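Structure below is coords-v2.pdb: PDB, C-alpha atoms and all ligand atoms.
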ATOM      1  CA  MET A   1      85.086 123.511 119.172  1.00  0.00           C
ATOM      2  CA  LYS A   2      86.545 122.988 115.765  1.00  0.00           C
ATOM      3  CA  MET A   3      89.287 120.470 115.268  1.00  0.00           C
ATOM      4  CA  MET A   4      92.238 121.673 113.322  1.00  0.00           C
ATOM      5  CA  ILE A   5      93.893 119.000 111.281  1.00  0.00           C
ATOM      6  CA  GLU A   6      97.187 120.099 109.996  1.00  0.00           C
ATOM      7  CA  VAL A   7      97.930 118.813 106.543  1.00  0.00           C
ATOM      8  CA  THR A   8     101.460 118.933 105.272  1.00  0.00           C
ATOM      9  CA  HIS A   9     101.808 119.319 101.541  1.00  0.00           C
ATOM     10  CA  CYS A  10     104.387 117.736  99.291  1.00  0.00           C
ATOM     11  CA  ASP A  11     107.198 120.219  98.585  1.00  0.00           C
ATOM     12  CA  ALA A  12     107.932 118.722  95.172  1.00  0.00           C
ATOM     13  CA  CYS A  13     104.280 118.962  94.085  1.00  0.00           C
ATOM     14  CA  ALA A  14     104.038 122.502  95.433  1.00  0.00           C
ATOM     15  CA  LYS A  15     106.803 123.510  93.014  1.00  0.00           C
ATOM     16  CA  LYS A  16     104.528 122.407  90.179  1.00  0.00           C
ATOM     17  CA  GLY A  17     101.629 124.344  91.668  1.00  0.00           C
ATOM     18  CA  GLU A  18      99.886 121.223  92.940  1.00  0.00           C
ATOM     19  CA  GLU A  19      98.661 120.541  96.435  1.00  0.00           C
ATOM     20  CA  ARG A  20      99.161 116.992  97.525  1.00  0.00           C
ATOM     21  CA  GLU A  21      99.259 115.589 101.002  1.00  0.00           C
ATOM     22  CA  ALA A  22     102.720 114.612 102.148  1.00  0.00           C
ATOM     23  CA  THR A  23     103.140 111.126 103.582  1.00  0.00           C
ATOM     24  CA  THR A  24     106.908 111.026 103.879  1.00  0.00           C
ATOM     25  CA  ALA A  25     109.535 113.361 105.258  1.00  0.00           C
ATOM     26  CA  LEU A  26     113.036 113.352 103.902  1.00  0.00           C
ATOM     27  CA  SER A  27     115.810 115.092 105.755  1.00  0.00           C
ATOM     28  CA  VAL A  28     119.465 115.492 104.984  1.00  0.00           C
ATOM     29  CA  ALA A  29     121.582 117.382 107.507  1.00  0.00           C
ATOM     30  CA  ASP A  30     119.548 120.502 108.341  1.00  0.00           C
ATOM     31  CA  GLU A  31     117.397 120.419 105.215  1.00  0.00           C
ATOM     32  CA  SER A  32     114.099 118.616 105.122  1.00  0.00           C
ATOM     33  CA  TRP A  33     111.351 118.018 102.605  1.00  0.00           C
ATOM     34  CA  ASP A  34     107.837 116.694 102.918  1.00  0.00           C
ATOM     35  CA  LEU A  35     106.892 114.395 100.090  1.00  0.00           C
ATOM     36  CA  CYS A  36     103.839 112.576  98.778  1.00  0.00           C
ATOM     37  CA  ASP A  37     103.880 108.826  98.074  1.00  0.00           C
ATOM     38  CA  GLU A  38     104.982 109.319  94.495  1.00  0.00           C
ATOM     39  CA  HIS A  39     107.801 111.758  95.205  1.00  0.00           C
ATOM     40  CA  GLY A  40     108.845 109.835  98.315  1.00  0.00           C
ATOM     41  CA  GLU A  41     109.271 106.712  96.200  1.00  0.00           C
ATOM     42  CA  ARG A  42     111.132 108.652  93.499  1.00  0.00           C
ATOM     43  CA  PHE A  43     113.620 110.028  96.031  1.00  0.00           C
ATOM     44  CA  ARG A  44     113.945 106.663  97.723  1.00  0.00           C
ATOM     45  CA  SER A  45     114.880 104.875  94.477  1.00  0.00           C
ATOM     46  CA  TYR A  46     117.152 107.748  93.431  1.00  0.00           C
ATOM     47  CA  LEU A  47     119.089 107.528  96.689  1.00  0.00           C
ATOM     48  CA  ALA A  48     119.116 103.732  96.592  1.00  0.00           C
ATOM     49  CA  ASN A  49     120.629 103.899  93.076  1.00  0.00           C
ATOM     50  CA  LEU A  50     123.151 106.468  94.166  1.00  0.00           C
ATOM     51  CA  PHE A  51     124.390 104.293  97.013  1.00  0.00           C
ATOM     52  CA  ALA A  52     124.302 101.173  94.864  1.00  0.00           C
ATOM     53  CA  THR A  53     126.508 102.930  92.282  1.00  0.00           C
ATOM     54  CA  GLU A  54     128.946 104.200  94.893  1.00  0.00           C
ATOM     55  CA  ALA A  55     129.133 100.800  96.532  1.00  0.00           C
ATOM     56  CA  SER A  56     129.948  99.055  93.238  1.00  0.00           C
ATOM     57  CA  ALA A  57     132.438 101.804  92.324  1.00  0.00           C
ATOM     58  CA  ALA A  58     134.172 101.287  95.654  1.00  0.00           C
ATOM     59  CA  VAL A  59     134.346  97.550  95.028  1.00  0.00           C
ATOM     60  CA  SER A  60     135.911  97.968  91.584  1.00  0.00           C
ATOM     61  CA  ALA A  61     138.323 100.704  92.721  1.00  0.00           C
TER      62      ALA A  61
HETATM   63 ZN    ZN A 101     104.633 115.121  95.365  1.00  0.00          ZN
END

What does this structure look like when you write it as structure tokens?
Amino acid sequence: MKMMIEVTHCDACAKKGEEREATTALSVADESWDLCDEHGERFRSYLANLFATEASAAVSA
């Protein structure tokens, strides 16, 4: 019996024609993306910045 190991690939890398194993899943409402370490970190810091900016804008408003 052969074991099937399902590998999920990074959606962002796939757009560049690269196959990279996804380690993180990002989901917003009913959309979801599988991301590799690098893209996961990029999205994480992007979102962190976004919220940081909104939070400081709310404070100064
Ligand atoms: Zn990637």

Select, from A:Ala12, A:Ala57, A:Ala48, A:Val28, the residue with the minimum atom-to-atom distance to ligand ZN 101 (chain A), counting only C-alpha atoms and all ligand atoms.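 The closest residue to ligand ZN 101 (chain A) is A:Ala12.
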
Atom CA of A:Arg44 and atom CA of A:Ser27 are how many Å apart? 11.8 Å

Given the file above and the PyMOL selection byres (((chain A and resi 35-41) around 12) and not hetatm), which residues are selected, and can you give them as a list of chain:residue names?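 This file gives the following for the PyMOL selection byres (((chain A and resi 35-41) around 12) and not hetatm): A:Val7, A:Thr8, A:His9, A:Cys10, A:Asp11, A:Ala12, A:Cys13, A:Ala14, A:Lys15, A:Glu18, A:Glu19, A:Arg20, A:Glu21, A:Ala22, A:Thr23, A:Thr24, A:Ala25, A:Leu26, A:Ser27, A:Ser32, A:Trp33, A:Asp34, A:Arg42, A:Phe43, A:Arg44, A:Ser45, A:Tyr46, A:Leu47, A:Ala48.
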
Rounded to one decimal, what separation in Å do you get between atom CA of A:Leu50 and atom CA of A:Gly17?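 Interatomic distance here is 28.1 Å.
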
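You can rank A:Glu54, A:Asn49, A:Asp30, A:Lys16 by their closest distance to ligand ZN 101 (chain A) using only C-alpha atoms and all ligand atoms, and at the top of that list sits A:Lys16.
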